[in-house]
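S.K.: My questions will all concern the structure given below.
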Number of protein chains: 2
Amino acid sequence: MTTAAQVFQALGDATRRDMMERLTDTALSVSALAAPYDMTLTAVGQHLAILEAAGLIKTEKIGRVRSCAINPAGLEVLEQWARARRPLWQRRLDRLGDMLDEDDA
Amino acid sequence: MTTAAQVFQALGDATRRDMMERLTDTALSVSALAAPYDMTLTAVGQHLAILEAAGLIKTEKIGRVRSCAINPAGLEVLEQWARARRPLWQRRLDRLGDMLDEDDA
């Protein structure tokens, strides 16, 4: 289970946020993802492990290449945390909108 | 201007996330907010300054009491960052929903 604490700790680091931004709309191999950073592959692997444990990316081995892509689960934890902190009247408005959407359906 | 970097750095800390959670749906004075932590008022003030600079809280002095409340601006930066990282097809679906909402109005 991904927790908000894991997600925020993972994204508190500028390199890991940059990795997430570079993975937007595209999967990348670990070596392509690592290329711009002045960092060992081991260090890159540690960053990826933290992002993966937080539910922010998925990695998959295809043949001899490990590919990385965004995992929406961690993003969802982030959005829910932010939404739950919004003022009560805004949250009520959101729920009303959801109810009207359901009525339409 | 609040940036995603400021917001994530502010929320990478467990005490500051706890402060945000305690401010959900209620404004608190600095001393009420500080009470549960084993921390000097100066240290609490530093945490609050970081949250305020990131656009996550607002503080206001009323008479002799400084009151703290959630500022939705920082939450909005967080939600936008998360939404922008979601897969393209999900973002397209969001935009379609927004367009249909506008048509209704």
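In the structure tokens, each chain is lettered A, B, ... as it comes, each chain's residues begin at 1, and ligands are numbered from 1 in order of appearance.
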Write out as a VMD selection string which residues come within 10 Å of A:Pro87 when counting only C-alpha atoms, dropping same-chain ones fewer than 6 positions away.
M.R.: chain B and resid 23 to 26 69 to 72
S.K.: Taking only C-alpha atoms into account, produce a table as CSV in which each residue of chain A with an atom at most 7 Å from an atom of chain B appears once, together with its shortest atom pair and the distance in Å to one decimal, ordered by chain and rising number.
M.R.:
```
residue,atom,partner,partner_atom,distance
A:Phe8,CA,B:Gly12,CA,5.0
A:Gln9,CA,B:Gly12,CA,4.9
A:Leu11,CA,B:Phe8,CA,6.2
A:Gly12,CA,B:Gln9,CA,4.9
A:Glu21,CA,B:Arg85,CA,6.9
A:Thr24,CA,B:Arg85,CA,5.2
A:Asp25,CA,B:Pro87,CA,6.1
A:Pro72,CA,B:Arg86,CA,6.2
A:Leu75,CA,B:Ala82,CA,5.4
A:Leu78,CA,B:Ala82,CA,6.9
A:Glu79,CA,B:Glu79,CA,5.4
A:Ala82,CA,B:Leu75,CA,5.4
A:Arg85,CA,B:Thr24,CA,5.3
A:Arg86,CA,B:Pro72,CA,6.1
A:Pro87,CA,B:Asp25,CA,6.1
A:Leu88,CA,B:Asp25,CA,6.2
```
S.K.: Now that the selection is made, can you save its residues with all heavy atoms as a compact mmCIF listing (two decimals), in the first residue's frame?
M.R.:
```txt
# COMPACT_ATOMS: atom_id res chain seq x y z
N PHE A 8 5.14 11.71 -0.70
CA PHE A 8 5.75 13.01 -0.46
C PHE A 8 7.25 12.88 -0.24
O PHE A 8 8.02 13.73 -0.69
CB PHE A 8 5.09 13.73 0.72
CG PHE A 8 3.79 14.36 0.36
CD1 PHE A 8 2.60 13.94 0.95
CD2 PHE A 8 3.73 15.37 -0.58
CE1 PHE A 8 1.39 14.52 0.61
CE2 PHE A 8 2.53 15.96 -0.93
CZ PHE A 8 1.35 15.53 -0.33
N GLN A 9 7.69 11.82 0.45
CA GLN A 9 9.13 11.65 0.64
C GLN A 9 9.80 11.38 -0.70
O GLN A 9 10.88 11.90 -0.98
CB GLN A 9 9.41 10.57 1.68
CG GLN A 9 9.42 11.18 3.10
CD GLN A 9 8.98 10.22 4.17
OE1 GLN A 9 9.11 9.01 4.03
NE2 GLN A 9 8.45 10.75 5.26
N LEU A 11 8.81 12.45 -3.63
CA LEU A 11 8.77 13.63 -4.50
C LEU A 11 9.41 14.87 -3.86
O LEU A 11 9.47 15.92 -4.48
CB LEU A 11 7.33 13.92 -4.92
CG LEU A 11 6.71 12.83 -5.80
CD1 LEU A 11 5.25 13.12 -6.07
CD2 LEU A 11 7.48 12.66 -7.11
N GLY A 12 9.92 14.72 -2.64
CA GLY A 12 10.65 15.80 -1.99
C GLY A 12 12.03 16.00 -2.62
O GLY A 12 12.71 16.97 -2.32
N GLU A 21 8.82 13.86 -14.40
CA GLU A 21 8.45 14.78 -15.49
C GLU A 21 8.90 14.23 -16.83
O GLU A 21 8.18 14.32 -17.83
CB GLU A 21 9.02 16.19 -15.21
CG GLU A 21 8.10 16.91 -14.22
CD GLU A 21 8.72 18.11 -13.49
OE1 GLU A 21 9.67 18.70 -14.00
OE2 GLU A 21 8.21 18.43 -12.38
N THR A 24 6.53 11.55 -18.20
CA THR A 24 5.19 11.96 -18.61
C THR A 24 5.01 11.63 -20.09
O THR A 24 5.81 12.08 -20.92
CB THR A 24 4.98 13.47 -18.36
OG1 THR A 24 5.26 13.75 -17.00
CG2 THR A 24 3.55 13.89 -18.67
N ASP A 25 4.02 10.85 -20.42
CA ASP A 25 3.68 10.51 -21.81
C ASP A 25 4.68 9.61 -22.52
O ASP A 25 4.57 9.42 -23.74
CB ASP A 25 3.49 11.76 -22.68
CG ASP A 25 2.31 12.55 -22.21
OD1 ASP A 25 1.36 11.91 -21.71
OD2 ASP A 25 2.33 13.79 -22.32
N PRO A 72 -0.16 5.47 -12.22
CA PRO A 72 -1.12 6.48 -11.74
C PRO A 72 -1.52 6.31 -10.26
O PRO A 72 -2.04 7.24 -9.66
CB PRO A 72 -2.35 6.30 -12.65
CG PRO A 72 -1.85 5.55 -13.84
CD PRO A 72 -0.70 4.71 -13.35
N LEU A 75 0.02 8.92 -8.01
CA LEU A 75 -0.53 10.25 -8.32
C LEU A 75 -1.90 10.41 -7.68
O LEU A 75 -2.26 11.48 -7.20
CB LEU A 75 -0.65 10.43 -9.84
CG LEU A 75 0.66 10.42 -10.64
CD1 LEU A 75 0.36 10.50 -12.12
CD2 LEU A 75 1.58 11.55 -10.21
N LEU A 78 -1.69 11.31 -4.10
CA LEU A 78 -1.34 12.73 -4.00
C LEU A 78 -2.58 13.61 -4.20
O LEU A 78 -2.84 14.55 -3.42
CB LEU A 78 -0.32 13.01 -5.11
CG LEU A 78 0.57 14.22 -5.03
CD1 LEU A 78 1.45 14.13 -3.80
CD2 LEU A 78 1.45 14.29 -6.28
N GLU A 79 -3.34 13.32 -5.24
CA GLU A 79 -4.52 14.14 -5.54
C GLU A 79 -5.54 14.03 -4.42
O GLU A 79 -6.17 15.01 -4.04
CB GLU A 79 -5.14 13.72 -6.87
CG GLU A 79 -4.30 14.15 -8.07
CD GLU A 79 -5.02 13.93 -9.40
OE1 GLU A 79 -6.12 14.47 -9.60
OE2 GLU A 79 -4.49 13.18 -10.25
N ALA A 82 -4.47 16.11 -1.43
CA ALA A 82 -4.67 17.54 -1.68
C ALA A 82 -6.16 17.89 -1.62
O ALA A 82 -6.55 18.88 -1.00
CB ALA A 82 -4.06 17.94 -3.02
N ARG A 85 -7.70 18.20 1.83
CA ARG A 85 -7.28 19.36 2.61
C ARG A 85 -8.02 20.62 2.19
O ARG A 85 -7.87 21.66 2.82
CB ARG A 85 -5.78 19.62 2.45
CG ARG A 85 -4.82 18.50 2.81
CD ARG A 85 -4.59 18.36 4.29
NE ARG A 85 -5.59 17.50 4.93
CZ ARG A 85 -5.65 16.18 4.78
NH1 ARG A 85 -4.84 15.53 4.01
NH2 ARG A 85 -6.58 15.49 5.41
N ARG A 86 -8.76 20.57 1.06
CA ARG A 86 -9.43 21.78 0.58
C ARG A 86 -10.57 22.18 1.51
O ARG A 86 -11.09 21.35 2.25
CB ARG A 86 -9.95 21.53 -0.84
CG ARG A 86 -8.80 21.52 -1.85
CD ARG A 86 -9.21 20.88 -3.13
NE ARG A 86 -10.20 21.69 -3.83
CZ ARG A 86 -10.83 21.29 -4.92
NH1 ARG A 86 -10.59 20.09 -5.42
NH2 ARG A 86 -11.68 22.07 -5.50
N PRO A 87 -10.98 23.45 1.48
CA PRO A 87 -12.04 23.89 2.39
C PRO A 87 -13.31 23.05 2.21
O PRO A 87 -13.60 22.59 1.10
CB PRO A 87 -12.29 25.34 1.97
CG PRO A 87 -11.07 25.76 1.24
CD PRO A 87 -10.47 24.53 0.64
N LEU A 88 -14.05 22.89 3.31
CA LEU A 88 -15.24 22.05 3.31
C LEU A 88 -16.23 22.43 2.21
O LEU A 88 -16.78 21.56 1.54
CB LEU A 88 -15.92 22.17 4.69
CG LEU A 88 -17.05 21.19 5.00
CD1 LEU A 88 -16.58 19.75 4.89
CD2 LEU A 88 -17.60 21.44 6.40
```
S.K.: Using Å and a single decimal, report how far atom CA of A:Thr15 sits from atom CA of A:His47.
M.R.: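 According to the coordinates, atom CA of A:His47 and atom CA of A:Thr15 are separated by 8.1 Å.
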S.K.: Using DSSP assignments from the backbone, pull out every residue in chain B that falls under strand (DSSP E or B) and give it to me as a PyMOL selection string.
M.R.: chain B and resi 28-29+57-62+65-70
S.K.: What does the distance from atom CA of B:Ala43 to atom CA of B:Val30 come to in Å, to one decimal?
M.R.: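 Separation of atom CA of B:Ala43 and atom CA of B:Val30: 11.5 Å.
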S.K.: Find the distance between atom CA of A:Asp94 and atom CA of B:Leu96 and write it in Å to one decimal.
M.R.: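 Those two atoms sit 17.6 Å apart.
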S.K.: Using DSSP secondary structure from the backbone, list all helix (DSSP H, G or I) positions within chain B, as JSON, numbers by chain.
M.R.: {"B": [4, 5, 6, 7, 8, 9, 10, 11, 14, 15, 16, 17, 18, 19, 20, 21, 22, 23, 30, 31, 32, 33, 34, 41, 42, 43, 44, 45, 46, 47, 48, 49, 50, 51, 52, 53, 72, 73, 74, 75, 76, 77, 78, 79, 80, 81, 82, 83, 84, 85, 88, 89, 90, 91, 92, 93, 94, 95, 96, 97, 98, 99, 100, 101, 102, 103, 104]}
S.K.: Taking only C-alpha atoms into account, name the residue in A:Thr40, A:Arg92, A:Leu48, A:Arg16 that is nearest to A:Cys68.
M.R.: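 Among the listed residues, the smallest separation from A:Cys68 belongs to A:Leu48.
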S.K.: Need the shell around B:Val65: protein/DNA/RNA residues with any atom at most 8 Å away, counting only C-alpha atoms. Skip same-chain ones fewer than 2 positions apart. Format as a list in words?
M.R.: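 After dropping sequence-adjacent residues, the list is Ser29, Val30, Lys61, Ile62, Gly63 and Ser67 of chain B.
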S.K.: How would the residues just chosen look if you wrote them out with N, CA and C atoms as a CSV table (one decimal), in the first residue's frame?
M.R.:
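Below you can see part36.csv, which holds the result:
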```csv
chain,number,residue,atom,x,y,z
B,29,SER,N,-4.8,28.8,16.2
B,29,SER,CA,-3.7,29.8,16.6
B,29,SER,C,-2.4,29.1,16.6
B,30,VAL,N,-1.3,29.8,16.4
B,30,VAL,CA,0.0,29.2,16.4
B,30,VAL,C,0.3,28.4,17.7
B,61,LYS,N,-2.8,38.0,11.8
B,61,LYS,CA,-2.7,38.4,13.2
B,61,LYS,C,-4.0,39.1,13.6
B,62,ILE,N,-4.7,38.5,14.5
B,62,ILE,CA,-6.0,39.1,15.0
B,62,ILE,C,-5.8,39.5,16.5
B,63,GLY,N,-5.7,40.8,16.7
B,63,GLY,CA,-5.4,41.2,18.1
B,63,GLY,C,-4.0,40.7,18.4
B,67,SER,N,-3.3,33.5,13.7
B,67,SER,CA,-4.1,32.4,13.4
B,67,SER,C,-3.6,31.8,12.0
```
